[in-house]
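Q: Data file data10.tsv (TSV, C-alpha atoms and all ligand atoms) is appended below.
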chain	number	residue	atom	x	y	z
A	1	MET	CA	22.96	-57.53	-0.78
A	2	THR	CA	25.00	-58.15	-3.96
A	3	LYS	CA	23.19	-57.19	-7.08
A	4	ASP	CA	23.45	-58.83	-10.48
A	5	ARG	CA	24.41	-56.46	-13.27
A	6	VAL	CA	21.85	-56.00	-16.05
A	7	LEU	CA	23.19	-54.61	-19.32
A	8	ILE	CA	21.28	-51.78	-20.94
A	9	PHE	CA	21.06	-52.02	-24.73
A	10	ASP	CA	19.59	-48.86	-26.20
A	11	THR	CA	17.97	-49.03	-29.63
A	12	THR	CA	16.56	-45.48	-29.87
A	13	LEU	CA	18.69	-44.91	-32.97
A	14	ARG	CA	17.51	-48.13	-34.68
A	15	ASP	CA	14.13	-49.47	-33.48
A	16	GLY	CA	13.19	-46.03	-32.11
A	17	GLU	CA	13.97	-44.32	-35.36
A	18	GLN	CA	11.84	-46.89	-37.19
A	19	SER	CA	8.76	-45.14	-35.72
A	20	PRO	CA	6.96	-43.58	-38.65
A	21	GLY	CA	7.95	-39.91	-38.68
A	22	ALA	CA	10.79	-40.17	-36.14
A	23	THR	CA	13.68	-39.96	-38.61
A	24	MET	CA	16.67	-38.05	-37.24
A	25	THR	CA	19.38	-36.19	-39.12
A	26	HIS	CA	23.00	-37.33	-39.06
A	27	ALA	CA	23.96	-34.61	-36.56
A	28	GLU	CA	21.00	-35.45	-34.34
A	29	LYS	CA	21.93	-39.15	-34.29
A	30	LEU	CA	25.48	-38.28	-33.30
A	31	GLU	CA	24.23	-36.01	-30.52
A	32	ILE	CA	21.91	-38.70	-29.09
A	33	ALA	CA	24.66	-41.34	-29.34
A	34	GLU	CA	27.02	-39.10	-27.38
A	35	LEU	CA	24.40	-38.60	-24.66
A	36	LEU	CA	23.74	-42.37	-24.48
A	37	ASP	CA	27.46	-43.05	-24.20
A	38	GLU	CA	27.84	-40.43	-21.45
A	39	MET	CA	24.91	-41.77	-19.43
A	40	GLY	CA	26.45	-45.24	-19.25
A	41	VAL	CA	24.45	-47.24	-21.80
A	42	ASP	CA	26.33	-50.54	-22.26
A	43	ILE	CA	25.39	-51.18	-25.88
A	44	ILE	CA	24.10	-48.63	-28.40
A	45	GLU	CA	22.34	-50.07	-31.43
A	46	ALA	CA	23.28	-47.20	-33.72
A	47	GLY	CA	21.35	-48.19	-36.84
A	48	PHE	CA	20.78	-50.63	-39.68
A	49	PRO	CA	23.81	-50.06	-41.92
A	50	ILE	CA	22.42	-51.76	-45.06
A	51	ALA	CA	19.19	-49.71	-44.88
A	52	SER	CA	20.65	-46.54	-46.40
A	53	GLU	CA	23.88	-44.71	-47.09
A	54	GLY	CA	22.90	-42.28	-44.33
A	55	ASP	CA	22.45	-45.05	-41.77
A	56	PHE	CA	25.78	-46.58	-42.76
A	57	LYS	CA	27.57	-43.24	-42.27
A	58	ALA	CA	25.84	-42.59	-38.94
A	59	VAL	CA	26.75	-46.02	-37.56
A	60	SER	CA	30.37	-45.69	-38.77
A	61	GLU	CA	30.81	-42.28	-37.21
A	62	ILE	CA	29.15	-43.25	-33.94
A	63	ALA	CA	31.47	-46.29	-33.86
A	64	ARG	CA	34.50	-44.01	-34.26
A	65	LEU	CA	33.34	-41.52	-31.61
A	66	ALA	CA	31.98	-43.77	-28.85
A	67	LYS	CA	34.08	-43.64	-25.71
A	68	THR	CA	32.79	-46.50	-23.59
A	69	SER	CA	29.63	-48.02	-25.10
A	70	THR	CA	29.73	-51.06	-27.35
A	71	ILE	CA	28.44	-50.05	-30.79
A	72	CYS	CA	26.09	-52.43	-32.51
A	73	GLY	CA	24.53	-52.49	-35.97
A	74	LEU	CA	21.61	-54.57	-37.21
A	75	ALA	CA	21.80	-57.03	-40.10
A	76	ARG	CA	19.32	-59.47	-41.62
A	77	ALA	CA	20.34	-63.10	-42.01
A	78	ASN	CA	22.40	-62.73	-45.17
A	79	TYR	CA	26.09	-62.19	-45.84
A	80	LYS	CA	25.65	-58.86	-47.64
A	81	ASP	CA	23.86	-57.27	-44.66
A	82	ILE	CA	26.35	-58.74	-42.20
A	83	ASP	CA	29.38	-57.55	-44.20
A	84	ARG	CA	27.94	-54.04	-44.48
A	85	CYS	CA	27.19	-54.00	-40.77
A	86	TRP	CA	30.74	-55.06	-39.94
A	87	GLU	CA	32.15	-52.35	-42.24
A	88	ALA	CA	30.24	-49.78	-40.18
A	89	VAL	CA	30.83	-51.04	-36.64
A	90	LYS	CA	34.40	-52.26	-36.99
A	91	HIS	CA	35.78	-48.81	-36.10
A	92	ALA	CA	34.40	-49.04	-32.57
A	93	LYS	CA	36.57	-49.85	-29.57
A	94	SER	CA	33.96	-52.50	-28.86
A	95	PRO	CA	31.91	-53.51	-31.95
A	96	ARG	CA	28.93	-55.87	-32.10
A	97	ILE	CA	27.01	-57.40	-35.02
A	98	HIS	CA	23.33	-58.07	-34.36
A	99	THR	CA	21.75	-60.44	-36.86
A	100	PHE	CA	18.16	-61.67	-36.84
A	101	ILE	CA	15.55	-63.70	-38.68
A	102	GLY	CA	11.82	-64.18	-38.07
A	103	THR	CA	11.32	-67.69	-36.69
A	104	SER	CA	7.55	-67.86	-36.00
A	105	PRO	CA	5.33	-69.63	-38.56
A	106	LEU	CA	4.06	-66.28	-39.85
A	107	HIS	CA	7.57	-64.97	-40.31
A	108	ARG	CA	9.02	-68.17	-41.75
A	109	ALA	CA	6.46	-67.92	-44.53
A	110	ILE	CA	7.85	-64.61	-45.76
A	111	PRO	CA	11.23	-65.81	-47.09
A	112	ASN	CA	9.43	-69.10	-47.74
A	113	LEU	CA	11.95	-71.22	-45.85
A	114	ASN	CA	10.99	-74.48	-44.20
A	115	MET	CA	12.24	-75.20	-40.68
A	116	ASP	CA	15.37	-77.05	-41.83
A	117	GLU	CA	16.29	-74.44	-44.41
A	118	MET	CA	15.92	-71.67	-41.84
A	119	ALA	CA	18.01	-73.58	-39.31
A	120	GLU	CA	20.76	-73.91	-41.89
A	121	ARG	CA	20.53	-70.20	-42.72
A	122	ILE	CA	20.90	-69.34	-39.04
A	123	HIS	CA	23.94	-71.57	-38.69
A	124	ASP	CA	25.63	-70.09	-41.76
A	125	THR	CA	24.94	-66.43	-41.03
A	126	VAL	CA	25.87	-66.54	-37.36
A	127	THR	CA	29.08	-68.40	-38.27
A	128	HIS	CA	29.84	-65.74	-40.87
A	129	ALA	CA	29.22	-62.90	-38.40
A	130	ARG	CA	31.37	-64.59	-35.78
A	131	ASN	CA	34.23	-64.93	-38.25
A	132	LEU	CA	34.18	-61.14	-38.57
A	133	CYS	CA	33.52	-60.08	-34.98
A	134	ASP	CA	33.87	-61.79	-31.64
A	135	ASN	CA	30.76	-60.07	-30.26
A	136	VAL	CA	27.65	-61.38	-32.07
A	137	GLN	CA	24.05	-61.01	-31.02
A	138	TRP	CA	21.39	-63.19	-32.61
A	139	SER	CA	17.61	-62.67	-32.45
A	140	PRO	CA	14.76	-64.99	-33.45
A	141	MET	CA	12.27	-62.28	-34.42
A	142	ASP	CA	8.75	-62.95	-33.10
A	143	ALA	CA	10.25	-65.42	-30.62
A	144	THR	CA	7.19	-65.22	-28.38
A	145	ARG	CA	5.02	-66.68	-31.18
A	146	THR	CA	7.57	-69.30	-32.26
A	147	GLU	CA	6.92	-72.98	-31.49
A	148	TRP	CA	8.77	-73.93	-28.28
A	149	ASP	CA	10.70	-76.90	-29.77
A	150	TYR	CA	11.76	-74.93	-32.80
A	151	LEU	CA	12.82	-71.96	-30.67
A	152	CYS	CA	15.05	-74.24	-28.57
A	153	ARG	CA	16.49	-75.78	-31.70
A	154	VAL	CA	17.43	-72.48	-33.37
A	155	VAL	CA	18.76	-70.90	-30.17
A	156	GLU	CA	21.04	-73.91	-29.76
A	157	ILE	CA	22.23	-73.60	-33.36
A	158	ALA	CA	23.00	-69.89	-32.90
A	159	ILE	CA	24.95	-70.56	-29.71
A	160	LYS	CA	26.96	-73.36	-31.34
A	161	ALA	CA	27.68	-71.10	-34.34
A	162	GLY	CA	29.21	-68.50	-32.01
A	163	ALA	CA	26.51	-66.06	-30.89
A	164	THR	CA	27.49	-64.44	-27.60
A	165	THR	CA	24.14	-62.81	-26.84
A	166	ILE	CA	20.76	-64.40	-27.55
A	167	ASN	CA	18.00	-61.84	-27.72
A	168	ILE	CA	14.40	-63.01	-27.34
A	169	PRO	CA	12.17	-60.41	-28.99
A	170	ASP	CA	8.51	-59.96	-28.22
A	171	THR	CA	8.22	-58.31	-31.60
A	172	VAL	CA	4.49	-57.59	-31.49
A	173	GLY	CA	4.07	-57.00	-27.75
A	174	TYR	CA	2.09	-60.23	-27.39
A	175	THR	CA	3.55	-61.79	-24.28
A	176	ALA	CA	2.55	-61.23	-20.63
A	177	PRO	CA	4.88	-60.93	-17.61
A	178	VAL	CA	4.41	-64.44	-16.24
A	179	GLU	CA	5.06	-65.92	-19.68
A	180	SER	CA	8.02	-63.62	-20.33
A	181	ALA	CA	9.82	-64.82	-17.19
A	182	GLU	CA	9.02	-68.49	-17.88
A	183	LEU	CA	10.20	-68.31	-21.48
A	184	ILE	CA	13.67	-67.10	-20.55
A	185	ARG	CA	13.89	-69.39	-17.52
A	186	ASN	CA	12.94	-72.45	-19.57
A	187	LEU	CA	15.28	-71.57	-22.44
A	188	ILE	CA	18.20	-71.25	-20.04
A	189	ALA	CA	17.27	-74.54	-18.38
A	190	THR	CA	16.74	-76.44	-21.64
A	191	VAL	CA	19.10	-75.27	-24.36
A	192	PRO	CA	22.63	-76.78	-24.25
A	193	GLY	CA	25.24	-74.02	-23.92
A	194	ALA	CA	22.71	-71.45	-22.67
A	195	ASP	CA	24.77	-70.76	-19.57
A	196	GLU	CA	27.67	-69.55	-21.73
A	197	VAL	CA	25.77	-66.67	-23.37
A	198	ILE	CA	23.81	-63.64	-22.19
A	199	PHE	CA	20.07	-63.73	-22.73
A	200	ALA	CA	18.43	-60.44	-23.68
A	201	THR	CA	14.84	-59.27	-23.64
A	202	HIS	CA	13.42	-56.99	-26.34
A	203	CYS	CA	9.81	-56.01	-25.76
A	204	HIS	CA	7.29	-53.96	-27.68
A	205	ASN	CA	4.45	-52.15	-26.00
A	206	ASP	CA	1.36	-53.06	-28.02
A	207	LEU	CA	-0.54	-54.09	-24.88
A	208	GLY	CA	1.23	-51.62	-22.58
A	209	MET	CA	3.24	-54.42	-20.94
A	210	ALA	CA	6.74	-53.82	-22.31
A	211	THR	CA	8.27	-52.61	-19.06
A	212	ALA	CA	6.60	-55.35	-16.98
A	213	ASN	CA	7.62	-58.00	-19.52
A	214	SER	CA	11.24	-56.80	-19.56
A	215	LEU	CA	11.51	-56.85	-15.77
A	216	ALA	CA	9.87	-60.28	-15.65
A	217	ALA	CA	12.40	-61.53	-18.21
A	218	VAL	CA	15.18	-60.35	-15.91
A	219	GLU	CA	13.58	-62.36	-13.11
A	220	GLY	CA	13.69	-65.33	-15.49
A	221	GLY	CA	17.42	-64.87	-16.09
A	222	ALA	CA	17.82	-62.26	-18.86
A	223	ARG	CA	20.78	-59.99	-18.19
A	224	GLN	CA	20.34	-57.51	-21.03
A	225	ILE	CA	17.31	-55.25	-21.47
A	226	GLU	CA	16.71	-53.71	-24.88
A	227	CYS	CA	14.95	-50.36	-24.69
A	228	THR	CA	14.63	-46.84	-26.06
A	229	ILE	CA	14.48	-43.36	-24.59
A	230	ASN	CA	10.84	-42.30	-23.99
A	231	GLY	CA	9.79	-45.76	-25.23
A	232	LEU	CA	10.14	-44.51	-28.81
A	233	GLY	CA	9.58	-47.31	-31.32
A	234	GLU	CA	7.34	-48.87	-33.92
A	235	ARG	CA	3.57	-48.81	-33.28
A	236	ALA	CA	3.12	-48.43	-29.48
A	237	GLY	CA	6.89	-48.32	-28.99
A	238	ASN	CA	9.57	-50.30	-27.18
A	239	THR	CA	10.35	-50.72	-23.49
A	240	ALA	CA	11.25	-47.28	-22.10
A	241	LEU	CA	14.82	-47.10	-20.80
A	242	GLU	CA	13.92	-44.64	-18.07
A	243	GLU	CA	11.17	-46.94	-16.75
A	244	VAL	CA	13.20	-50.13	-16.42
A	245	VAL	CA	16.25	-48.33	-15.06
A	246	MET	CA	14.29	-46.40	-12.44
A	247	ALA	CA	12.20	-49.45	-11.52
A	248	LEU	CA	15.39	-51.38	-10.78
A	249	LYS	CA	16.81	-48.44	-8.82
A	250	VAL	CA	13.68	-47.71	-6.77
A	251	ARG	CA	12.65	-51.34	-6.14
A	252	GLY	CA	16.09	-52.84	-5.63
A	253	ASP	CA	14.63	-54.36	-2.46
A	254	ILE	CA	12.64	-56.89	-4.50
A	255	MET	CA	14.61	-56.76	-7.77
A	256	PRO	CA	18.28	-57.04	-6.79
A	257	TYR	CA	19.79	-55.95	-10.10
A	258	GLU	CA	21.83	-52.93	-11.02
A	259	THR	CA	22.56	-51.05	-14.22
A	260	GLY	CA	25.45	-48.75	-15.09
A	261	ILE	CA	23.15	-45.83	-15.96
A	262	ASP	CA	23.72	-42.37	-14.51
A	263	THR	CA	20.04	-41.66	-13.90
A	264	THR	CA	20.60	-37.93	-13.38
A	265	LYS	CA	21.05	-37.68	-17.15
A	266	ILE	CA	17.60	-39.08	-17.92
A	267	MET	CA	15.58	-35.84	-18.22
A	268	ASN	CA	18.03	-34.15	-20.53
A	269	ILE	CA	18.23	-37.03	-23.00
A	270	SER	CA	14.46	-37.51	-22.83
A	271	ARG	CA	13.96	-33.87	-23.86
A	272	ARG	CA	16.55	-34.11	-26.62
A	273	VAL	CA	15.02	-37.30	-28.07
A	274	ALA	CA	11.56	-35.70	-27.98
A	275	ALA	CA	12.91	-32.63	-29.76
A	276	VAL	CA	14.85	-34.41	-32.50
A	277	SER	CA	12.29	-37.15	-33.16
A	278	GLY	CA	9.36	-34.74	-33.03
A	279	PHE	CA	7.55	-37.17	-30.68
A	280	ALA	CA	6.37	-35.16	-27.69
A	281	VAL	CA	6.29	-37.00	-24.36
A	282	GLN	CA	2.78	-37.45	-22.95
A	283	PHE	CA	2.22	-35.38	-19.79
A	284	ASN	CA	1.53	-38.40	-17.59
A	285	LYS	CA	4.36	-40.59	-18.93
A	286	ALA	CA	6.16	-42.40	-16.10
A	287	ILE	CA	9.46	-40.79	-15.02
A	288	VAL	CA	9.82	-38.19	-17.81
A	289	GLY	CA	6.31	-36.78	-18.32
A	290	LYS	CA	5.70	-33.13	-17.40
A	291	ASN	CA	3.37	-34.28	-14.61
A	292	ALA	CA	5.53	-37.13	-13.26
A	293	PHE	CA	6.73	-34.92	-10.41
A	294	ALA	CA	3.87	-32.40	-10.33
A	295	HIS	CA	1.05	-32.17	-7.76
A	296	GLU	CA	-2.00	-29.96	-8.11
A	297	SER	CA	-4.51	-31.10	-5.54
A	298	GLY	CA	-4.62	-29.47	-2.12
A	299	ILE	CA	-4.16	-32.69	-0.15
A	300	HIS	CA	-1.16	-33.75	-2.22
A	301	GLN	CA	0.43	-30.29	-2.18
A	302	ASP	CA	0.00	-30.02	1.57
A	303	GLY	CA	1.58	-33.46	2.00
A	304	MET	CA	4.46	-32.62	-0.33
A	305	LEU	CA	5.18	-29.37	1.51
A	306	LYS	CA	5.47	-31.32	4.76
A	307	ASN	CA	7.30	-34.41	3.51
A	308	ALA	CA	8.14	-35.14	-0.14
A	309	GLU	CA	7.91	-38.89	0.47
A	310	THR	CA	4.15	-38.64	0.97
A	311	PHE	CA	3.50	-38.61	-2.75
A	312	GLU	CA	6.86	-39.23	-4.45
A	313	ILE	CA	8.76	-42.52	-4.56
A	314	MET	CA	11.79	-41.04	-6.34
A	315	ARG	CA	13.69	-37.83	-5.81
A	316	PRO	CA	13.36	-35.48	-8.81
A	317	ALA	CA	17.14	-34.94	-8.65
A	318	ASP	CA	17.67	-38.66	-9.31
A	319	VAL	CA	16.31	-38.23	-12.82
A	320	GLY	CA	17.92	-34.84	-13.38
A	321	LEU	CA	15.07	-32.52	-12.37
A	322	SER	CA	15.68	-29.50	-10.14
A	323	GLY	CA	12.60	-30.23	-8.04
A	324	THR	CA	8.99	-31.11	-7.64
A	325	SER	CA	6.45	-28.75	-9.14
A	326	LEU	CA	3.26	-27.69	-7.39
A	327	PRO	CA	1.20	-26.10	-10.17
A	328	LEU	CA	-1.75	-24.09	-8.89
A	329	GLY	CA	-5.22	-24.95	-10.12
A	330	LYS	CA	-8.74	-25.29	-8.83
A	331	HIS	CA	-7.83	-28.34	-6.74
A	332	SER	CA	-5.02	-26.53	-4.92
A	333	GLY	CA	-5.28	-25.52	-1.28
A	334	ARG	CA	-4.20	-22.66	0.96
A	335	ALA	CA	-0.82	-24.20	1.90
A	336	ALA	CA	0.40	-24.31	-1.69
A	337	LEU	CA	-0.94	-20.83	-2.40
A	338	ARG	CA	0.90	-19.45	0.62
A	339	ALA	CA	4.11	-21.25	-0.39
A	340	LYS	CA	3.90	-19.86	-3.92
A	341	LEU	CA	3.17	-16.32	-2.68
A	342	ASN	CA	6.16	-16.56	-0.33
A	343	GLU	CA	8.30	-17.57	-3.28
A	344	LEU	CA	7.03	-14.53	-5.21
A	345	GLY	CA	8.00	-12.21	-2.35
A	346	PHE	CA	4.66	-11.92	-0.50
A	347	ASP	CA	5.91	-13.44	2.71
A	348	ASP	CA	4.19	-11.26	5.27
A	349	LEU	CA	0.54	-11.94	4.48
A	350	ALA	CA	-1.79	-11.98	7.46
A	351	ASP	CA	-4.30	-14.83	7.67
A	352	ASN	CA	-7.22	-12.64	6.67
A	353	GLN	CA	-5.30	-11.35	3.63
A	354	LEU	CA	-4.50	-14.89	2.58
A	355	LYS	CA	-8.16	-15.79	3.03
A	356	ASP	CA	-9.20	-13.00	0.70
A	357	VAL	CA	-6.58	-13.84	-1.94
A	358	PHE	CA	-7.56	-17.50	-1.72
A	359	VAL	CA	-11.18	-16.68	-2.62
A	360	ARG	CA	-10.07	-14.65	-5.65
A	361	PHE	CA	-7.56	-17.34	-6.61
A	362	LYS	CA	-10.27	-20.04	-6.55
A	363	ASP	CA	-12.52	-17.85	-8.66
A	364	LEU	CA	-9.73	-17.46	-11.23
A	365	ALA	CA	-8.78	-21.16	-11.07
A	366	ASP	CA	-12.36	-22.12	-11.90
A	367	ARG	CA	-11.95	-20.22	-15.15
A	368	LYS	CA	-8.36	-21.27	-16.01
A	369	LYS	CA	-6.71	-24.71	-16.26
A	370	GLU	CA	-3.61	-23.52	-14.44
A	371	VAL	CA	-2.87	-20.35	-12.48
A	372	PHE	CA	0.62	-19.10	-13.37
A	373	ASP	CA	2.95	-16.79	-11.46
A	374	ASP	CA	1.94	-13.83	-13.63
A	375	ASP	CA	-1.74	-14.48	-12.86
A	376	LEU	CA	-0.96	-14.44	-9.14
A	377	LEU	CA	1.08	-11.25	-9.43
A	378	ALA	CA	-1.82	-9.58	-11.25
A	379	LEU	CA	-4.17	-10.82	-8.53
A	380	MET	CA	-1.93	-9.43	-5.79
A	381	HIS	CA	-1.60	-6.05	-7.47
A	382	GLN	CA	-5.32	-5.94	-7.99
A	383	ASN	CA	-5.63	-6.78	-4.31
A	384	SER	CA	-3.33	-3.93	-3.15
A	385	GLY	CA	-5.04	-1.50	-5.63
A	386	ASP	CA	-8.39	-2.30	-4.03
A	387	GLU	CA	-7.16	-1.41	-0.57
B	401	LIG	O1	11.20	-56.34	-32.52
B	401	LIG	C1	12.06	-57.07	-33.07
B	401	LIG	O2	11.88	-58.27	-33.24
B	401	LIG	C2	13.28	-56.42	-33.54
B	401	LIG	C3	14.35	-57.34	-34.02
B	401	LIG	C4	15.03	-56.82	-35.21
B	401	LIG	C5	15.28	-57.66	-32.91
B	401	LIG	O3	13.43	-55.23	-33.43
B	402	ZN	ZN	11.92	-54.36	-32.05
Could you express the structure from this file as structure tokens?
Ligand code: KIV
Ligand code: ZN
A:
Amino acid sequence: MTKDRVLIFDTTLRDGEQSPGATMTHAEKLEIAELLDEMGVDIIEAGFPIASEGDFKAVSEIARLAKTSTICGLARANYKDIDRCWEAVKHAKSPRIHTFIGTSPLHRAIPNLNMDEMAERIHDTVTHARNLCDNVQWSPMDATRTEWDYLCRVVEIAIKAGATTINIPDTVGYTAPVESAELIRNLIATVPGADEVIFATHCHNDLGMATANSLAAVEGGARQIECTINGLGERAGNTALEEVVMALKVRGDIMPYETGIDTTKIMNISRRVAAVSGFAVQFNKAIVGKNAFAHESGIHQDGMLKNAETFEIMRPADVGLSGTSLPLGKHSGRAALRAKLNELGFDDLADNQLKDVFVRFKDLADRKKEVFDDDLLALMHQNSGDE
């Protein structure tokens, strides 16, 4: 089956860094950009060059250093922002300007522009960006709460003014999967010139639907997913890169799309982003959480020891992990205890010895959340001392 290519646009260094408290140093941003480039991210949104001198320098240096990724900077809908953005990204082998304006009624009220004035602003700023760079992305911020007719009108203006990618942001995580797919599908079917540009989806996770909404948008015709490592981002975060990429890899049977991501690099970059942003990854986070490939209960451990496919739909190696972990706790059974003791060198235990150790192990596990190797070694020495 031929698969359509979906571009991965990572905004960890822009939308991700906008998370309160997630600010990264210059060196840290460069390190993350290098990892993103190496893992095959198509477009890296490296920052918001007008926001600060530091952001400008980071975007410029990332643009100079990037080997294969397109380097993008963000700019509001004014010439000063766009010029500054171009100054920063122009050093890249493949630069992109991303300019946006809030188009929903709530957002139009902020600059106090009426619909016609905003339409004119969009035309002028996209034209200006396109005169500087032949790769221009335009976003109607809060698209999912923008009136349908007006959204079609401004998307058409941006395309005519030279935008090459139209991003449809669900800025406040308001949409639902069925709506997300329909919105993109209907825009592509309705707006003149839509078939000449790439449609992108940019989802926030306020209702926990960012991944589902992004995948639904792809079903509707989007061919660029905007996302961040670990789902880092404002409020409840953005779509998590690792989730959409692995969903497309694991369920290629029903979602025939491919990305250019080397998934074996996922764990390392996830850990580095957690370390530099200071945002720890929750234990049960899909794909990259500490427990995503861990099994404690006896039934699951027994199944895993016989056939890993019983309780895992991905191979740990596919995301860069050395293996599954079978932590021992009060729900664990004899099979996992025996396997762990074998690993620790106790490979000649008779059944009655194992039975005895198992009783002591359960007693300990009732008192501790997790029984570690050292606990087991102590238990075994205590056992041999008793004999
Ligand atoms: O969420 C959003 O609308 C954004 C835009 C700047 C694209 O991040
Ligand atoms: Zn966003």
Q: Quick one: residues within 8 Å of range 87-91 of chain A, all atoms listed in the file, excluding same-chain residues fewer than 6 positions away - as number ranges by chain?
A: A: 49, 56-57, 59-60, 63-64, 71-73, 97
Q: As an exercise, work out the distance from CA of Asn186 in chain A to CA of Ala210 in chain A in Å and give it to one decimal place.
A: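 Separating CA of Asn186 in chain A from CA of Ala210 in chain A is a distance of 19.8 Å.
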Q: Distance limit 7 Å, reference ligand ZN 402 (chain B), atoms considered: only C-alpha atoms and all ligand atoms. Which residues make the cut? Give them as a list in words.
A: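 Using only C-alpha atoms and all ligand atoms, I find these residues within 7 Å of ligand ZN 402 (chain B): Asp15, Pro169, Thr171, His202, Cys203, His204 and Asn238 of chain A.
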Q: Could you list the protein, DNA and RNA residues that have any atom within 8 Å of ligand LIG 401 (chain B), counting all atoms listed in the file, and write them as an MDAnalysis selection string?
A: chainID A and resid 15 74 99:102 139:143 167:172 202:204
Q: For each of A:Gly233, A:Ala58, A:Glu370, A:Glu296, take the minimum atom-to-atom distance to Ala27 in chain A, counting only C-alpha atoms, then give the residue where this is smallest.
A: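 Residue with the minimum atom-to-atom distance to Ala27 in chain A: A:Ala58.
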Q: Which residue out of A:Ser270, A:Asn78, A:Ser69, A:Ser325 has the minimum interatomic distance to Ala292 in chain A when all atoms listed in the file are used?
A: A:Ser325
Q: Return the single residue from A:Asp81, A:Asp363, A:Asp262, A:Glu156 that is closest to Ala194 in chain A, with distances computed using all atoms listed in the file.
A: A:Glu156
Q: Pick the closest to Cys133 in chain A from A:Lys265, A:Arg334, A:His107, A:Arg96: which is it, counting all atoms listed in the file?
A: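 Smallest distance to Cys133 in chain A is found for A:Arg96.
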